[in-house]
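This is my_file-v9.txt (compact mmCIF, C-alpha atoms).
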```txt
# COMPACT_ATOMS: atom_id res chain seq x y z
CA MET A 1 68.25 37.10 -35.37
CA LEU A 2 67.90 37.82 -31.70
CA ARG A 3 64.41 39.11 -32.25
CA ARG A 4 63.33 36.06 -34.17
CA SER A 5 64.58 33.61 -31.56
CA ASP A 6 62.88 35.71 -28.92
CA PHE A 7 59.68 35.45 -30.86
CA ALA A 8 60.07 31.68 -31.25
CA LYS A 9 60.70 31.33 -27.54
CA LYS A 10 57.61 33.33 -26.73
CA ALA A 11 55.49 31.31 -29.14
CA LYS A 12 56.77 28.10 -27.61
CA LYS A 13 56.01 29.37 -24.13
CA ARG A 14 52.50 30.33 -25.17
CA LYS A 15 51.91 26.92 -26.71
CA ILE A 16 52.98 25.20 -23.50
CA LYS A 17 50.72 27.53 -21.53
CA LEU A 18 47.75 26.75 -23.80
CA ARG A 19 48.27 23.04 -23.59
CA SER A 20 48.64 23.18 -19.84
CA ASP A 21 45.32 25.03 -19.50
CA PHE A 22 43.56 22.24 -21.39
CA THR A 23 45.29 19.45 -19.45
CA LYS A 24 44.70 21.31 -16.19
CA GLY A 25 41.00 21.36 -17.08
CA ILE A 26 41.11 17.65 -17.81
CA SER A 27 42.85 16.79 -14.55
CA HIS A 28 40.46 18.94 -12.51
CA GLY A 29 37.61 17.24 -14.37
CA ILE A 30 38.62 13.64 -13.61
CA PRO A 31 36.72 13.40 -10.30
CA ILE A 32 33.69 14.84 -12.09
CA ALA A 33 34.01 12.30 -14.91
CA LEU A 34 34.27 9.41 -12.43
CA GLY A 35 31.22 10.61 -10.56
CA TYR A 36 29.32 11.11 -13.82
CA LEU A 37 30.26 7.64 -14.99
CA SER A 38 28.43 6.10 -12.05
CA VAL A 39 25.46 8.48 -12.02
CA SER A 40 24.84 8.26 -15.77
CA PHE A 41 25.14 4.47 -15.61
CA GLY A 42 21.99 4.64 -13.52
CA PHE A 43 20.40 7.02 -16.03
CA GLY A 44 21.17 4.57 -18.85
CA ILE A 45 19.46 1.74 -17.00
CA ALA A 46 16.43 3.92 -16.23
CA ALA A 47 16.15 5.13 -19.83
CA VAL A 48 16.08 1.60 -21.25
CA ARG A 49 13.46 0.64 -18.66
CA SER A 50 11.33 3.54 -19.97
CA GLY A 51 11.52 2.06 -23.46
CA ILE A 52 14.21 4.39 -24.83
CA SER A 53 16.93 2.87 -27.02
CA PRO A 54 20.58 2.93 -25.84
CA LEU A 55 21.42 5.21 -28.78
CA ALA A 56 18.66 7.72 -27.93
CA ALA A 57 19.67 7.61 -24.26
CA SER A 58 23.28 8.40 -25.21
CA VAL A 59 22.16 11.26 -27.47
CA ILE A 60 20.08 12.69 -24.61
CA SER A 61 23.14 12.61 -22.35
CA LEU A 62 25.39 14.16 -25.00
CA THR A 63 22.99 17.00 -25.82
CA ASN A 64 21.68 17.77 -22.31
CA LEU A 65 24.54 17.04 -19.91
CA THR A 66 22.40 17.31 -16.80
CA SER A 67 21.11 14.68 -14.38
CA ALA A 68 17.81 15.83 -12.88
CA GLY A 69 16.55 17.37 -16.14
CA GLN A 70 17.25 14.19 -18.08
CA ALA A 71 15.59 11.97 -15.49
CA ALA A 72 12.45 14.13 -15.66
CA GLY A 73 12.71 14.25 -19.45
CA ILE A 74 12.60 10.47 -19.93
CA ASP A 75 9.54 10.30 -17.68
CA ILE A 76 7.78 12.75 -19.98
CA ILE A 77 8.90 10.88 -23.11
CA ALA A 78 7.74 7.57 -21.64
CA ALA A 79 4.35 9.09 -20.78
CA CYS A 80 4.06 10.72 -24.27
CA GLY A 81 3.69 14.09 -22.53
CA THR A 82 3.26 17.45 -24.24
CA LEU A 83 6.14 19.57 -25.49
CA LEU A 84 4.90 22.48 -23.34
CA GLY A 85 5.15 20.21 -20.30
CA MET A 86 8.67 19.29 -21.34
CA ILE A 87 9.66 22.95 -21.68
CA LEU A 88 8.22 23.91 -18.28
CA VAL A 89 9.81 20.99 -16.48
CA GLN A 90 13.23 21.66 -18.00
CA LEU A 91 12.95 25.36 -17.14
CA THR A 92 12.06 24.67 -13.52
CA ILE A 93 14.69 22.04 -12.93
CA ASN A 94 17.50 23.71 -14.85
CA ILE A 95 16.97 27.42 -14.17
CA ARG A 96 19.67 27.18 -11.50
CA TYR A 97 22.19 27.01 -14.35
CA SER A 98 21.33 30.63 -15.16
CA LEU A 99 22.53 31.70 -11.72
CA MET A 100 25.66 29.63 -12.12
CA ALA A 101 26.35 31.03 -15.58
CA LEU A 102 25.89 34.56 -14.23
CA SER A 103 28.27 33.88 -11.37
CA LEU A 104 30.90 32.37 -13.69
CA SER A 105 30.55 35.28 -16.14
CA GLN A 106 32.14 37.52 -13.48
CA ASN A 107 35.45 35.65 -13.52
CA LEU A 108 36.23 35.01 -17.19
CA SER A 109 39.56 35.76 -18.84
CA PRO A 110 39.53 38.30 -21.70
CA LYS A 111 40.16 35.31 -24.01
CA PHE A 112 36.48 34.44 -23.62
CA THR A 113 35.08 35.87 -26.85
CA THR A 114 31.43 35.45 -27.84
CA GLY A 115 32.22 32.27 -29.79
CA HIS A 116 33.95 30.71 -26.82
CA ARG A 117 31.08 31.72 -24.56
CA LEU A 118 28.52 30.14 -26.90
CA LEU A 119 30.51 26.89 -26.89
CA ALA A 120 31.48 26.69 -23.23
CA SER A 121 27.97 27.47 -21.95
CA TYR A 122 27.02 23.97 -23.14
CA GLY A 123 29.06 22.55 -20.27
CA ILE A 124 27.85 24.55 -17.26
CA THR A 125 26.76 21.78 -14.90
CA ASP A 126 26.54 21.77 -11.10
CA GLU A 127 29.89 20.04 -10.79
CA ILE A 128 31.77 21.96 -13.48
CA PHE A 129 30.42 25.19 -12.05
CA ALA A 130 31.54 24.12 -8.59
CA VAL A 131 35.11 23.39 -9.62
CA CYS A 132 35.34 26.46 -11.90
CA SER A 133 34.05 28.83 -9.25
CA ALA A 134 36.67 27.55 -6.81
CA GLN A 135 39.44 28.79 -9.17
CA LYS A 136 41.19 31.99 -8.08
CA GLU A 137 42.50 33.09 -11.49
CA PRO A 138 40.14 34.05 -14.35
CA LEU A 139 38.79 31.09 -16.33
CA THR A 140 40.19 30.50 -19.82
CA PRO A 141 38.23 28.79 -22.61
CA LEU A 142 40.76 25.94 -22.84
CA TYR A 143 40.54 25.21 -19.14
CA MET A 144 36.76 24.91 -19.39
CA TYR A 145 36.95 22.87 -22.60
CA GLY A 146 39.31 20.37 -20.95
CA MET A 147 36.97 19.94 -18.03
CA ILE A 148 33.81 19.78 -20.17
CA PHE A 149 35.43 17.28 -22.53
CA ILE A 150 36.40 14.76 -19.86
CA ALA A 151 33.14 15.25 -17.92
CA ALA A 152 30.94 14.80 -21.02
CA LEU A 153 33.00 11.75 -22.00
CA GLY A 154 32.28 10.19 -18.60
CA TRP A 155 28.61 11.17 -18.76
CA VAL A 156 27.96 9.74 -22.23
CA THR A 157 30.10 6.64 -21.71
CA GLY A 158 28.32 5.86 -18.45
CA THR A 159 24.92 6.28 -20.11
CA ALA A 160 25.82 3.97 -23.01
CA LEU A 161 27.28 1.34 -20.66
CA GLY A 162 24.29 1.48 -18.33
CA ALA A 163 21.84 1.27 -21.22
CA LYS A 164 23.70 -1.59 -22.91
CA MET A 165 24.63 -3.80 -19.99
CA GLY A 166 22.43 -2.66 -17.13
CA GLN A 167 23.01 -4.86 -14.17
CA ILE A 168 26.61 -6.02 -14.68
CA LEU A 169 28.10 -3.82 -11.96
CA PRO A 170 27.65 -5.43 -8.51
CA GLN A 171 25.02 -3.60 -6.48
CA ASN A 172 27.33 -2.71 -3.57
CA ILE A 173 29.84 -1.02 -5.91
CA SER A 174 27.25 1.07 -7.72
CA ASP A 175 25.68 1.99 -4.35
CA ALA A 176 29.03 3.20 -3.02
CA MET A 177 29.66 5.19 -6.20
CA GLY A 178 26.49 7.15 -5.58
CA ILE A 179 28.26 9.28 -2.99
CA VAL A 180 31.22 10.35 -5.18
CA LEU A 181 29.74 13.62 -6.44
CA TYR A 182 28.50 14.65 -3.00
CA GLY A 183 31.95 13.92 -1.57
CA MET A 184 33.33 16.32 -4.14
CA PHE A 185 30.82 19.00 -3.14
CA ILE A 186 31.92 18.64 0.48
CA ALA A 187 35.55 19.01 -0.57
CA ILE A 188 34.61 22.31 -2.23
CA ILE A 189 32.52 23.89 0.53
CA ILE A 190 34.40 22.84 3.69
CA PRO A 191 37.82 24.53 3.28
CA PRO A 192 36.38 28.05 2.70
CA SER A 193 33.83 27.47 5.50
CA ARG A 194 36.72 26.77 7.82
CA LYS A 195 38.48 29.98 6.85
CA GLU A 196 35.53 32.40 6.62
CA LYS A 197 32.73 32.56 9.15
CA SER A 198 30.50 34.20 6.51
CA VAL A 199 30.75 31.20 4.16
CA LEU A 200 30.12 28.83 7.06
CA CYS A 201 26.91 30.72 7.93
CA VAL A 202 25.69 30.65 4.31
CA VAL A 203 26.44 26.92 4.01
CA ALA A 204 24.68 26.14 7.30
CA ALA A 205 21.64 28.26 6.40
CA ALA A 206 21.29 26.61 2.97
CA ALA A 207 21.61 23.12 4.47
CA ALA A 208 19.04 23.88 7.20
CA MET A 209 16.50 25.23 4.69
CA SER A 210 17.11 22.28 2.39
CA VAL A 211 16.29 19.89 5.26
CA VAL A 212 13.08 21.82 5.95
CA PHE A 213 12.02 21.48 2.30
CA LYS A 214 12.89 17.79 2.21
CA TYR A 215 10.88 16.80 5.28
CA LEU A 216 8.26 19.52 5.84
CA LEU A 217 7.55 21.38 2.58
CA THR A 218 7.46 18.24 0.47
CA GLN A 219 5.07 19.67 -2.13
CA VAL A 220 7.91 21.79 -3.58
CA SER A 221 9.87 19.87 -6.22
CA GLY A 222 13.54 19.13 -5.55
CA GLY A 223 14.97 21.40 -8.23
CA PHE A 224 12.83 24.33 -7.13
CA ALA A 225 13.62 23.81 -3.46
CA ILE A 226 17.35 24.05 -4.18
CA ILE A 227 16.88 27.35 -6.02
CA ILE A 228 14.86 28.83 -3.14
CA CYS A 229 17.35 27.65 -0.48
CA ALA A 230 20.35 28.89 -2.44
CA ILE A 231 18.88 32.32 -3.20
CA ALA A 232 17.69 32.83 0.37
CA ALA A 233 20.99 31.72 1.96
CA ALA A 234 23.15 33.74 -0.44
CA ALA A 235 20.95 36.82 0.08
CA LEU A 236 21.30 36.44 3.87
CA GLY A 237 25.05 36.24 3.40
CA ALA A 238 25.04 39.35 1.21
CA VAL A 239 23.00 41.30 3.80
CA PHE A 240 24.97 40.29 6.88
CA PHE A 241 28.44 39.79 5.42
CA PRO A 242 28.82 42.04 2.34
CA VAL A 243 32.13 41.28 0.62
CA LYS A 244 34.93 43.84 0.56
CA GLU A 245 35.77 45.59 -2.69
CA ASP A 246 38.54 43.22 -3.83
CA GLU A 247 37.09 39.97 -2.51
CA ALA A 248 34.36 39.37 -5.11
CA GLU A 249 36.62 39.79 -8.12
CA MET B 250 5.55 12.23 -31.50
CA SER B 251 9.04 11.32 -32.59
CA ILE B 252 11.60 10.99 -29.80
CA ALA B 253 13.94 13.25 -31.79
CA VAL B 254 11.52 16.17 -31.27
CA TYR B 255 11.46 15.60 -27.51
CA ILE B 256 15.23 15.41 -27.37
CA ALA B 257 15.65 18.58 -29.44
CA VAL B 258 13.24 20.51 -27.19
CA MET B 259 14.92 19.24 -24.00
CA ALA B 260 18.39 20.05 -25.26
CA GLY B 261 17.35 23.43 -26.68
CA VAL B 262 15.72 24.66 -23.47
CA THR B 263 18.62 23.44 -21.33
CA TYR B 264 21.19 25.09 -23.60
CA ILE B 265 19.40 28.46 -23.74
CA ILE B 266 19.15 28.58 -19.94
CA ARG B 267 22.93 28.25 -19.73
CA MET B 268 23.88 30.27 -22.77
CA LEU B 269 21.93 33.52 -22.32
CA PRO B 270 23.50 34.76 -19.07
CA PHE B 271 26.93 33.33 -19.89
CA THR B 272 27.18 34.91 -23.32
CA PHE B 273 25.39 38.22 -22.96
CA PHE B 274 26.40 39.30 -19.51
CA ARG B 275 29.61 41.26 -19.98
CA LYS B 276 29.64 43.98 -17.35
CA LYS B 277 31.33 43.77 -14.02
CA ILE B 278 28.52 44.06 -11.51
CA LYS B 279 28.80 47.27 -9.46
CA SER B 280 26.20 46.68 -6.77
CA ARG B 281 27.90 45.46 -3.60
CA PHE B 282 24.84 43.42 -2.65
CA ILE B 283 24.73 41.54 -5.95
CA ARG B 284 28.48 40.95 -5.95
CA SER B 285 28.22 39.56 -2.42
CA PHE B 286 25.24 37.46 -3.46
CA LEU B 287 27.14 35.96 -6.39
CA HIS B 288 30.15 35.36 -4.14
CA TYR B 289 28.01 33.21 -1.82
CA ILE B 290 25.74 31.51 -4.36
CA PRO B 291 28.13 28.61 -5.25
CA TYR B 292 28.45 27.56 -1.60
CA ALA B 293 24.72 27.94 -1.02
CA VAL B 294 23.78 25.86 -4.08
CA LEU B 295 26.21 23.06 -3.26
CA SER B 296 25.23 22.94 0.38
CA ALA B 297 21.50 22.77 -0.44
CA MET B 298 22.18 20.05 -3.03
CA THR B 299 24.31 17.99 -0.65
CA ILE B 300 22.26 18.13 2.55
CA PRO B 301 20.23 16.00 3.05
CA ALA B 302 20.52 14.26 -0.37
CA ILE B 303 23.94 12.76 0.48
CA PHE B 304 22.33 10.54 3.13
CA TYR B 305 20.22 8.86 0.43
CA SER B 306 22.98 8.51 -2.15
CA THR B 307 24.07 4.95 -1.34
CA ASN B 308 20.80 3.09 -0.62
CA SER B 309 21.78 2.83 3.05
CA VAL B 310 21.86 5.71 5.52
CA ILE B 311 24.59 3.97 7.56
CA THR B 312 27.08 3.67 4.69
CA ALA B 313 26.18 7.20 3.56
CA VAL B 314 26.92 8.62 7.01
CA ALA B 315 30.28 6.81 7.04
CA GLY B 316 31.10 8.32 3.65
CA THR B 317 29.92 11.79 4.70
CA VAL B 318 31.99 11.82 7.89
CA THR B 319 35.05 10.65 5.93
CA ALA B 320 34.55 13.41 3.37
CA LEU B 321 34.07 16.07 6.07
CA VAL B 322 37.25 15.08 7.92
CA LEU B 323 39.42 14.88 4.78
CA ALA B 324 37.98 18.14 3.40
CA TYR B 325 38.68 19.84 6.73
CA PHE B 326 42.35 19.01 6.22
CA ASP B 327 42.19 20.48 2.71
CA LEU B 328 42.91 17.27 0.76
CA PRO B 329 42.42 17.34 -3.04
CA LEU B 330 38.90 16.92 -4.49
CA ILE B 331 39.51 13.48 -5.95
CA VAL B 332 40.99 12.14 -2.72
CA VAL B 333 38.01 13.35 -0.70
CA ALA B 334 35.46 12.11 -3.25
CA LEU B 335 36.93 8.62 -3.72
CA SER B 336 37.67 8.14 0.00
CA ALA B 337 34.03 8.92 0.78
CA SER B 338 33.01 6.26 -1.71
CA ALA B 339 35.55 3.76 -0.36
CA ALA B 340 34.35 4.37 3.20
CA ALA B 341 30.75 3.75 2.11
CA PHE B 342 31.80 0.57 0.29
CA ILE B 343 33.75 -0.83 3.26
CA THR B 344 30.99 0.06 5.70
CA GLY B 345 28.57 -1.73 3.38
CA LEU B 346 30.74 -4.90 3.52
CA ILE B 347 30.88 -4.74 7.32
CA GLU B 348 27.15 -4.03 7.54
CA ARG B 349 26.31 -7.08 5.44
CA SER B 350 28.64 -9.42 7.33
CA LEU B 351 27.06 -8.51 10.68
```
Mind turning the file's structure into structure tokens?
Amino acid sequence: MLRRSDFAKKAKKRKIKLRSDFTKGISHGIPIALGYLSVSFGFGIAAVRSGISPLAASVISLTNLTSAGQAAGIDIIAACGTLLGMILVQLTINIRYSLMALSLSQNLSPKFTTGHRLLASYGITDEIFAVCSAQKEPLTPLYMYGMIFIAALGWVTGTALGAKMGQILPQNISDAMGIVLYGMFIAIIIPPSRKEKSVLCVVAAAAAMSVVFKYLLTQVSGGFAIIICAIAAAALGAVFFPVKEDEAE
Amino acid sequence: MSIAVYIAVMAGVTYIIRMLPFTFFRKKIKSRFIRSFLHYIPYAVLSAMTIPAIFYSTNSVITAVAGTVTALVLAYFDLPLIVVALSASAAAFITGLIERSL
């Protein structure tokens, strides 16, 4: 009797834990979803202007879940470009996700089986990566699913709304919403920069290089420039401030 | 060419880029250099993506600077992500109202 009630208690506890991982993912994903809503609204408008139907635009957002790659993709579709061109452009713009996926793979809970990995890799975006990599404890599948679910909902909803009713949102509101995602990035990089000089140096080096690419080396495309800056700054950090044994876990 | 083919190619390439390292990389990395590199890469990526792009995110450098400064100050005091993100946007919005009324 005692054993059975113990078992029931444990099962109940586990259920609560599971649900809280999913809801925790959702709540951590709300700022992402709000940012996506505004950014993808703009994508929806742009897609319709390129002659793509609202349905096709929404399907693109649902299946790709990435901003720069989609924007480049609709340009190629509108210009009736080649499939090889499409592949190369997507590779160049999105290859940064490989680095992010590799980084995240180092902090996954044992619950992440192959099936879960195959599913969750769909949702590795800049923002989801950013929030996930700021977590101290290992990532669980449910946590990532919660975040991906709410973020993808915002992304697809925003695209559909933008495609369907373009200019309804007043210009000054949609302008101000453009900064939401960047504000979130700042909230992620500043606190650790304040605590660790090494992170501050990496952040400053990446920002400085990014400025150089933006104004001086303008022939390098935006997506590529970010990869170069990030690799160079992180490598400098690794050379000058190698992490201690327990720190990189 | 049908748009469905374009979409399938786009989505397929983007998925494979994410899936391969995430699914097939199982080992804990031993090299201290690579572990350090991966420790710093999130901050480096986000910093390069934010600067200088944030200053062009609102169609007005003035409102963007107001939003950036707000975000920096609130982030310095360790406020939650959503508070920092929405306050930056609110600051840009209010600055935009002031800018237009001048």
Near chain B, meaning an atom within 6 Å, which residues of chain A appear when counting all atoms listed in the file? Write them as a PyMOL selection string.
chain A and resi 31+63-64+97-98+101-103+105+117+121-122+175-180+182-184+187+189-191+203+206-207+210-211+226+230+234-235+238+242-243+248
Counting all atoms listed in the file, note down every residue that has an atom within 10 Å of the point (19.3, 3.8, -16.5) (file coordinates), as a PDB file with C-alpha atoms, in the frame of the given file.
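New file result37.pdb:
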```pdb
ATOM      1  CA  VAL A  39      25.460   8.480 -12.020  1.00  0.00           C
ATOM      2  CA  SER A  40      24.840   8.260 -15.770  1.00  0.00           C
ATOM      3  CA  PHE A  41      25.140   4.470 -15.610  1.00  0.00           C
ATOM      4  CA  GLY A  42      21.990   4.640 -13.520  1.00  0.00           C
ATOM      5  CA  PHE A  43      20.400   7.020 -16.030  1.00  0.00           C
ATOM      6  CA  GLY A  44      21.170   4.570 -18.850  1.00  0.00           C
ATOM      7  CA  ILE A  45      19.460   1.740 -17.000  1.00  0.00           C
ATOM      8  CA  ALA A  46      16.430   3.920 -16.230  1.00  0.00           C
ATOM      9  CA  ALA A  47      16.150   5.130 -19.830  1.00  0.00           C
ATOM     10  CA  VAL A  48      16.080   1.600 -21.250  1.00  0.00           C
ATOM     11  CA  ARG A  49      13.460   0.640 -18.660  1.00  0.00           C
ATOM     12  CA  SER A  50      11.330   3.540 -19.970  1.00  0.00           C
ATOM     13  CA  ILE A  52      14.210   4.390 -24.830  1.00  0.00           C
ATOM     14  CA  PRO A  54      20.580   2.930 -25.840  1.00  0.00           C
ATOM     15  CA  ALA A  57      19.670   7.610 -24.260  1.00  0.00           C
ATOM     16  CA  ALA A  71      15.590  11.970 -15.490  1.00  0.00           C
ATOM     17  CA  GLY A 158      28.320   5.860 -18.450  1.00  0.00           C
ATOM     18  CA  THR A 159      24.920   6.280 -20.110  1.00  0.00           C
ATOM     19  CA  ALA A 160      25.820   3.970 -23.010  1.00  0.00           C
ATOM     20  CA  LEU A 161      27.280   1.340 -20.660  1.00  0.00           C
ATOM     21  CA  GLY A 162      24.290   1.480 -18.330  1.00  0.00           C
ATOM     22  CA  ALA A 163      21.840   1.270 -21.220  1.00  0.00           C
ATOM     23  CA  LYS A 164      23.700  -1.590 -22.910  1.00  0.00           C
ATOM     24  CA  MET A 165      24.630  -3.800 -19.990  1.00  0.00           C
ATOM     25  CA  GLY A 166      22.430  -2.660 -17.130  1.00  0.00           C
ATOM     26  CA  GLN A 167      23.010  -4.860 -14.170  1.00  0.00           C
TER      27      GLN A 167
END
```
For range 216-225 of chain A, find every residue with an atom within 8 Å (counting all atoms listed in the file), except residues of its own chain fewer than 3 positions away, and show them as a ChimeraX atom specification.
/A:68,92-94,210,212-213,228-229
Provide the CA of Pro192 in chain A to CA of Val131 in chain A distance in Å, to one decimal place.
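The value is 13.2 Å.
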Just how far from CA of Phe112 in chain A is CA of Ser280 in chain B, in Å to one decimal?
23.2 Å
What does the distance between CA of Met209 in chain A and CA of Ser193 in chain A come to in Å, to one decimal place?
17.5 Å
